[in-house]
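Structure record follows, encoded as structure tokens.
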Amino acid sequence: MDRRTLLSGLAIMPLTLPMAARAAQIGENVPFPPLSAARIQALPAQERAAWKTYFQRSEAQMAADKAALRAERTGLKEIPADPDDGNGQNTMPLDKPTEWYGTDEAKLITANILSFQTPAGGWGKNQPRNAPPRARGQAYVIGEEPKRPVGDFDIPTDPKWHYVGTTDNGATIHEIRFLARVIGSTGDAAAKASAIKGLTYFLNAQFPNGGWPQVWPLEGGYHDALTLNDNAMISVTALIGEAGRGQGDYAFVPADLRVRLLAAERAAIAVFMALQVKVDGKPMLWAPQYDALTLTPCSARNFEMPSLSSTDSGALLIYLMTYPDPTPQMKAAIRSGVAALKSLAIEGKDFTYVEAIDARRLIDKPDALPIWGRYLDLKTLQPIFGARSKAIYDSVADVELGGRKGYAWFSRNPQRALNAFDQWRLKHP
């Protein structure tokens, strides 16, 4: 049996009851098993060498990153405060006139970006870049995560070393894109060196099978998973493809690096093809995250269970439809993915705030546009919902209040993929 169609036994309790007969709770989420030397040793012999090399490279880079920060702090009387958090992307605009990227305002942002790049070549997330550059000995990323209860999947292995180099929330990707705009406008040599280091970071972080983790060097937990969620891997693949072809702002990329980037893009697209989940032998959609070693859907946060994702699948389909010369396999994946989205659309409903319960609820609305459940059961394809308690439900009404108010359990974003397909199929009949 194709292992992509299997539920990982480490990931979720089986969901086998018919919809009408289910209790409110239909499963329980369990944590993702991170990459480890022991798990790699259990791989088939022909796969071990590449993964051992990858894992050792990650461990060595983590040690080097930490050593660099320790060296900076040697002799300091006081360690600088951690950088502030905030919406980093808003402080790195990509839509300004070319001449703006040579202004003092842009120079301040550039200096901040350069100073916070980790020795590995990545950046942390949620950091405003229109702030002063990093001080000697200052942490590369924002401070500790909030304290969480025992057993929460979000608890970092090392609270003082979390998201140090990540693609979460567009980090690293957006910094490189901003630097590319600066280089195109000013030719800034330091910005060019930093951008090249950032692109090389993606090459070092790429799994042997072509995917990427959410955080690199690997930090454990679900951050080691191959991550499509929130466009992470999609955005990396799009960026290295543009850079590899020297498109737009990326004329500065050296020829030898372009070759490597295009090879990485091909590997990423190949794994996208391998990740399309089959249900009863039929190619359907993609999961938000996968165990990199088994390519089976896996959990992320407590309330993010192994599942298919209509939103992440829609985003991936849009990316695949932008590829200039799709292979027959890519065309088949696009067509089957679009067909799956069409079949899973929910008509006559809206996910909206209901004052009487102070939360959002899926309600009848006959004239509403189609809407999709964000997460779909891997067997029944019905919408499913997770709670911080790790419980999995078949109704959003059973999720705790905060989850019902603040999480996008339903979305209309997949419609964008259907709209794009209407144009794409004219060029690819």
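Residue names in the structure tokens use chain letters A, B, ... in the order shown, residue numbers from 1 in each chain, and ligand numbers from 1 in the order shown.
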
Compile the contact shell of A:Gly124 as a PDB file with C-alpha atoms, in the first residue's frame: residues with an atom at most 7 Å away, counting only C-alpha atoms, same-chain residues fewer than 2 positions apart removed.
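And here is the file that came out, selection-v6.pdb:
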```
ATOM      1  CA  TYR A 140      18.952  36.706  17.112  1.00  0.00           C
ATOM      2  CA  VAL A 141      15.213  36.306  17.714  1.00  0.00           C
ATOM      3  CA  TYR A 163      12.805  29.736  15.801  1.00  0.00           C
ATOM      4  CA  VAL A 164      16.456  30.669  15.279  1.00  0.00           C
ATOM      5  CA  GLY A 165      16.221  30.478  11.503  1.00  0.00           C
ATOM      6  CA  THR A 166      12.708  29.781  10.225  1.00  0.00           C
ATOM      7  CA  ALA A 171      10.585  34.815   7.877  1.00  0.00           C
TER       8      ALA A 171
END
```

Test item, strand (DSSP E) assignment across stretch 109-279 of chain A, answer as a count of residues only | 4

Please build the interface table for stretch 175-256 of chain A against stretch 280-299 of chain A with a cut-off of 7 Å, listing for each qualifying residue the nearest atom pair and the distance in Å to one decimal; count only C-alpha atoms, order rows by chain and increasing number, and write it as CSV.
```
residue,atom,partner,partner_atom,distance
A:Ala225,CA,A:Asp291,CA,5.3
A:Leu226,CA,A:Tyr290,CA,5.0
A:Thr227,CA,A:Gln289,CA,4.5
A:Leu228,CA,A:Pro288,CA,5.1
A:Asn229,CA,A:Pro288,CA,4.6
```

Just write the chosen residues, N, CA and C atoms, as a compact mmCIF listing (two decimals), in the first residue's frame.
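Okay, out_26.txt is ready:
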```txt
# COMPACT_ATOMS: atom_id res chain seq x y z
N ALA A 225 9.02 18.94 10.98
CA ALA A 225 8.16 18.36 9.95
C ALA A 225 8.34 19.09 8.63
N LEU A 226 8.11 18.38 7.55
CA LEU A 226 8.05 18.98 6.22
C LEU A 226 6.78 19.83 6.18
N THR A 227 6.93 21.14 5.98
CA THR A 227 5.84 22.07 6.28
C THR A 227 5.32 22.80 5.05
N LEU A 228 4.02 22.52 4.73
CA LEU A 228 3.31 23.31 3.72
C LEU A 228 2.48 24.40 4.38
N ASN A 229 2.16 24.22 5.65
CA ASN A 229 1.28 25.13 6.37
C ASN A 229 1.72 26.58 6.23
```

When DSSP works through the backbone of this structure, what residues of stretch 66-121 of chain A end up as alpha helix (DSSP H), shown as a list of chain:residue names?
->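 In stretch 66-121 of chain A, DSSP puts these residues in alpha helix (DSSP H): A:Lys66, A:Ala67, A:Ala68, A:Leu69, A:Arg70, A:Ala71, A:Glu72, A:Arg73, A:Asp104, A:Glu105, A:Ala106, A:Lys107, A:Leu108, A:Ile109, A:Thr110, A:Ala111, A:Asn112, A:Ile113, A:Leu114, A:Ser115, A:Phe116.
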
File of the preceding selection, C-alpha atoms, as a PDB file, in the first residue's frame:
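Result file follows (result.pdb):
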```
ATOM      1  CA  LYS A  66      25.186  29.034  19.621  1.00  0.00           C
ATOM      2  CA  ALA A  67      28.974  29.319  19.850  1.00  0.00           C
ATOM      3  CA  ALA A  68      28.901  32.553  17.829  1.00  0.00           C
ATOM      4  CA  LEU A  69      26.431  34.123  20.246  1.00  0.00           C
ATOM      5  CA  ARG A  70      28.399  32.945  23.287  1.00  0.00           C
ATOM      6  CA  ALA A  71      31.561  34.469  21.832  1.00  0.00           C
ATOM      7  CA  GLU A  72      29.809  37.822  21.374  1.00  0.00           C
ATOM      8  CA  ARG A  73      28.681  37.794  24.978  1.00  0.00           C
ATOM      9  CA  ASP A 104      17.679  56.444   4.663  1.00  0.00           C
ATOM     10  CA  GLU A 105      14.510  54.621   5.707  1.00  0.00           C
ATOM     11  CA  ALA A 106      15.406  51.635   3.556  1.00  0.00           C
ATOM     12  CA  LYS A 107      19.026  51.745   4.757  1.00  0.00           C
ATOM     13  CA  LEU A 108      17.834  51.441   8.381  1.00  0.00           C
ATOM     14  CA  ILE A 109      15.741  48.384   7.489  1.00  0.00           C
ATOM     15  CA  THR A 110      18.636  46.873   5.555  1.00  0.00           C
ATOM     16  CA  ALA A 111      21.042  47.388   8.449  1.00  0.00           C
ATOM     17  CA  ASN A 112      18.615  45.683  10.816  1.00  0.00           C
ATOM     18  CA  ILE A 113      18.174  42.727   8.457  1.00  0.00           C
ATOM     19  CA  LEU A 114      21.910  42.263   7.996  1.00  0.00           C
ATOM     20  CA  SER A 115      22.597  42.433  11.716  1.00  0.00           C
ATOM     21  CA  PHE A 116      19.981  39.843  12.703  1.00  0.00           C
TER      22      PHE A 116
END
```

Who sits within 7 Å of stretch 389-404 of chain A, only C-alpha atoms, same chain under 4 positions skipped, as a ChimeraX atom specification | /A:24-29,302-303,359-361,383-385

Please produce a file of the residues just selected, as a compact mmCIF listing (two decimals), in the first residue's frame, where the atoms kept are C-alpha atoms.
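Listed below is the output, result-v1.txt:
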```txt
# COMPACT_ATOMS: atom_id res chain seq x y z
CA ALA A 24 -18.60 14.75 19.54
CA GLN A 25 -14.99 13.74 20.14
CA ILE A 26 -13.71 11.55 17.31
CA GLY A 27 -10.02 11.31 18.12
CA GLU A 28 -7.06 12.64 20.04
CA ASN A 29 -3.99 14.33 18.62
CA ASN A 302 -2.21 20.62 19.79
CA PHE A 303 -5.20 21.59 17.65
CA ALA A 359 -18.09 32.97 18.85
CA ARG A 360 -18.11 32.03 15.20
CA ARG A 361 -20.35 29.27 13.93
CA PRO A 383 -14.23 18.82 8.19
CA ILE A 384 -12.57 18.17 11.56
CA PHE A 385 -11.57 20.50 14.38
```

Selected residue, from A:Tyr407, A:Trp216, A:Tyr323, A:Tyr353, that lies nearest to A:His428 when counting only C-alpha atoms = A:Tyr323

Exercise: A:Gly241 partners within 9 Å, only C-alpha atoms, chain neighbours under 3 positions left out, as a CSV table (one decimal) with C-alpha atoms, in the first residue's frame:
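So the final result, stored in out_36.csv, reads:
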```
chain,number,residue,atom,x,y,z
A,236,VAL,CA,10.6,28.9,-0.4
A,237,THR,CA,10.2,26.9,-3.6
A,238,ALA,CA,8.9,30.0,-5.5
A,244,GLY,CA,17.7,30.2,-9.9
A,245,ARG,CA,16.4,31.7,-13.2
A,246,GLY,CA,17.7,35.1,-12.4
A,247,GLN,CA,14.2,36.6,-12.8
A,258,ARG,CA,21.6,29.4,-9.9
A,261,LEU,CA,18.9,26.5,-6.7
A,262,LEU,CA,17.2,25.1,-9.8
A,264,ALA,CA,16.6,22.3,-5.4
A,265,GLU,CA,13.4,23.6,-7.0
A,266,ARG,CA,13.1,20.4,-9.1
```

Straight-line distance linking atom CA of A:Arg412 with atom CA of A:Ala387, stated in Å to one decimal =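 About the pair atom CA of A:Arg412 and atom CA of A:Ala387: they are 22.0 Å apart.
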
In Å, rounded to a single decimal, give me how far atom CA of A:Ser309 is from atom CA of A:Gly88.
-> 25.9 Å

Nearest to A:Glu347, chosen from A:Ile363, A:Ile334, A:Leu369, A:Leu76, with only C-alpha atoms counted in the distances |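 For A:Glu347, the nearest of the given residues is A:Leu369.
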
Check the smallest atom-to-atom distance from each of A:Gly122, A:Asn209, A:Arg416, A:Met321 to A:Leu275 using only C-alpha atoms, then report the winner.
->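 The shortest atom-to-atom distance to A:Leu275 comes from A:Asn209.
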
Counting only C-alpha atoms, figure out which residue out of A:Ala64, A:Ala50, A:Ala300, A:Ala255 gets nearest to A:Gln214.
->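 Between A:Ala64, A:Ala50, A:Ala300, A:Ala255, the residue approaching A:Gln214 most closely is A:Ala300.
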
Near-stretch 191-206 of chain A list (9 Å; only C-alpha atoms; drop same-chain fewer than 3 positions) as number ranges by chain | A: 54, 57-58, 110-111, 113-114, 117, 120-123, 172-173, 175-177, 179-180, 182-183, 187-188, 209-213, 215-218, 236, 239-240, 243, 252-254, 257, 260-261, 264, 268

Those same residues - C-alpha atoms - I'd like them written as a PDB file, in the first residue's frame.
```pdb
ATOM      1  CA  TYR A  54      21.778  16.009   6.835  1.00  0.00           C
ATOM      2  CA  ARG A  57      25.013  19.116   9.300  1.00  0.00           C
ATOM      3  CA  SER A  58      22.073  20.473  11.274  1.00  0.00           C
ATOM      4  CA  THR A 110      18.636  46.873   5.555  1.00  0.00           C
ATOM      5  CA  ALA A 111      21.042  47.388   8.449  1.00  0.00           C
ATOM      6  CA  ILE A 113      18.174  42.727   8.457  1.00  0.00           C
ATOM      7  CA  LEU A 114      21.910  42.263   7.996  1.00  0.00           C
ATOM      8  CA  GLN A 117      20.942  37.207  10.132  1.00  0.00           C
ATOM      9  CA  ALA A 120      23.493  29.743   9.437  1.00  0.00           C
ATOM     10  CA  GLY A 121      22.009  32.371   7.119  1.00  0.00           C
ATOM     11  CA  GLY A 122      18.373  32.503   8.240  1.00  0.00           C
ATOM     12  CA  TRP A 123      16.280  34.909  10.285  1.00  0.00           C
ATOM     13  CA  THR A 172      13.860  34.510   5.918  1.00  0.00           C
ATOM     14  CA  ILE A 173      11.858  34.502   2.658  1.00  0.00           C
ATOM     15  CA  GLU A 175      14.132  39.317   4.277  1.00  0.00           C
ATOM     16  CA  ILE A 176      15.761  37.938   1.126  1.00  0.00           C
ATOM     17  CA  ARG A 177      13.091  39.461  -1.100  1.00  0.00           C
ATOM     18  CA  LEU A 179      17.388  42.631   0.146  1.00  0.00           C
ATOM     19  CA  ALA A 180      16.936  41.738  -3.520  1.00  0.00           C
ATOM     20  CA  VAL A 182      17.796  46.914  -2.344  1.00  0.00           C
ATOM     21  CA  ILE A 183      20.440  45.227  -4.487  1.00  0.00           C
ATOM     22  CA  GLY A 187      23.982  47.399  -5.794  1.00  0.00           C
ATOM     23  CA  ASP A 188      24.722  47.247  -2.059  1.00  0.00           C
ATOM     24  CA  ASN A 209      13.827  14.187  -0.245  1.00  0.00           C
ATOM     25  CA  GLY A 210      13.354  17.802  -1.398  1.00  0.00           C
ATOM     26  CA  GLY A 211      11.198  19.251   1.386  1.00  0.00           C
ATOM     27  CA  TRP A 212      11.979  21.806   4.085  1.00  0.00           C
ATOM     28  CA  PRO A 213      11.398  21.907   7.835  1.00  0.00           C
ATOM     29  CA  VAL A 215      12.951  25.661  11.485  1.00  0.00           C
ATOM     30  CA  TRP A 216      16.605  25.016  10.604  1.00  0.00           C
ATOM     31  CA  PRO A 217      18.922  24.052  12.169  1.00  0.00           C
ATOM     32  CA  LEU A 218      16.426  21.487  13.455  1.00  0.00           C
ATOM     33  CA  VAL A 236      10.643  28.871  -0.406  1.00  0.00           C
ATOM     34  CA  LEU A 239      11.750  32.126  -4.237  1.00  0.00           C
ATOM     35  CA  ILE A 240      14.557  29.736  -5.159  1.00  0.00           C
ATOM     36  CA  ALA A 243      16.506  33.256  -8.006  1.00  0.00           C
ATOM     37  CA  PHE A 252      22.750  39.325  -9.000  1.00  0.00           C
ATOM     38  CA  VAL A 253      22.687  35.575  -8.206  1.00  0.00           C
ATOM     39  CA  PRO A 254      25.929  33.908  -9.403  1.00  0.00           C
ATOM     40  CA  LEU A 257      24.400  29.163  -7.298  1.00  0.00           C
ATOM     41  CA  ARG A 260      22.058  24.583  -7.377  1.00  0.00           C
ATOM     42  CA  LEU A 261      18.871  26.547  -6.746  1.00  0.00           C
ATOM     43  CA  ALA A 264      16.600  22.328  -5.355  1.00  0.00           C
ATOM     44  CA  ALA A 268      10.874  20.351  -4.148  1.00  0.00           C
TER      45      ALA A 268
END
```

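Residue nearest A:His162 within the list A:Ala332, A:Arg388, A:Gly184, A:Gly221: A:Gly221 [criterion: smallest interatomic distance, only C-alpha atoms].
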
Length of the atom CA of A:Asn419 to atom CA of A:Val338 vector [Å] |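 Atom CA of A:Asn419 sits 10.0 Å away from atom CA of A:Val338.
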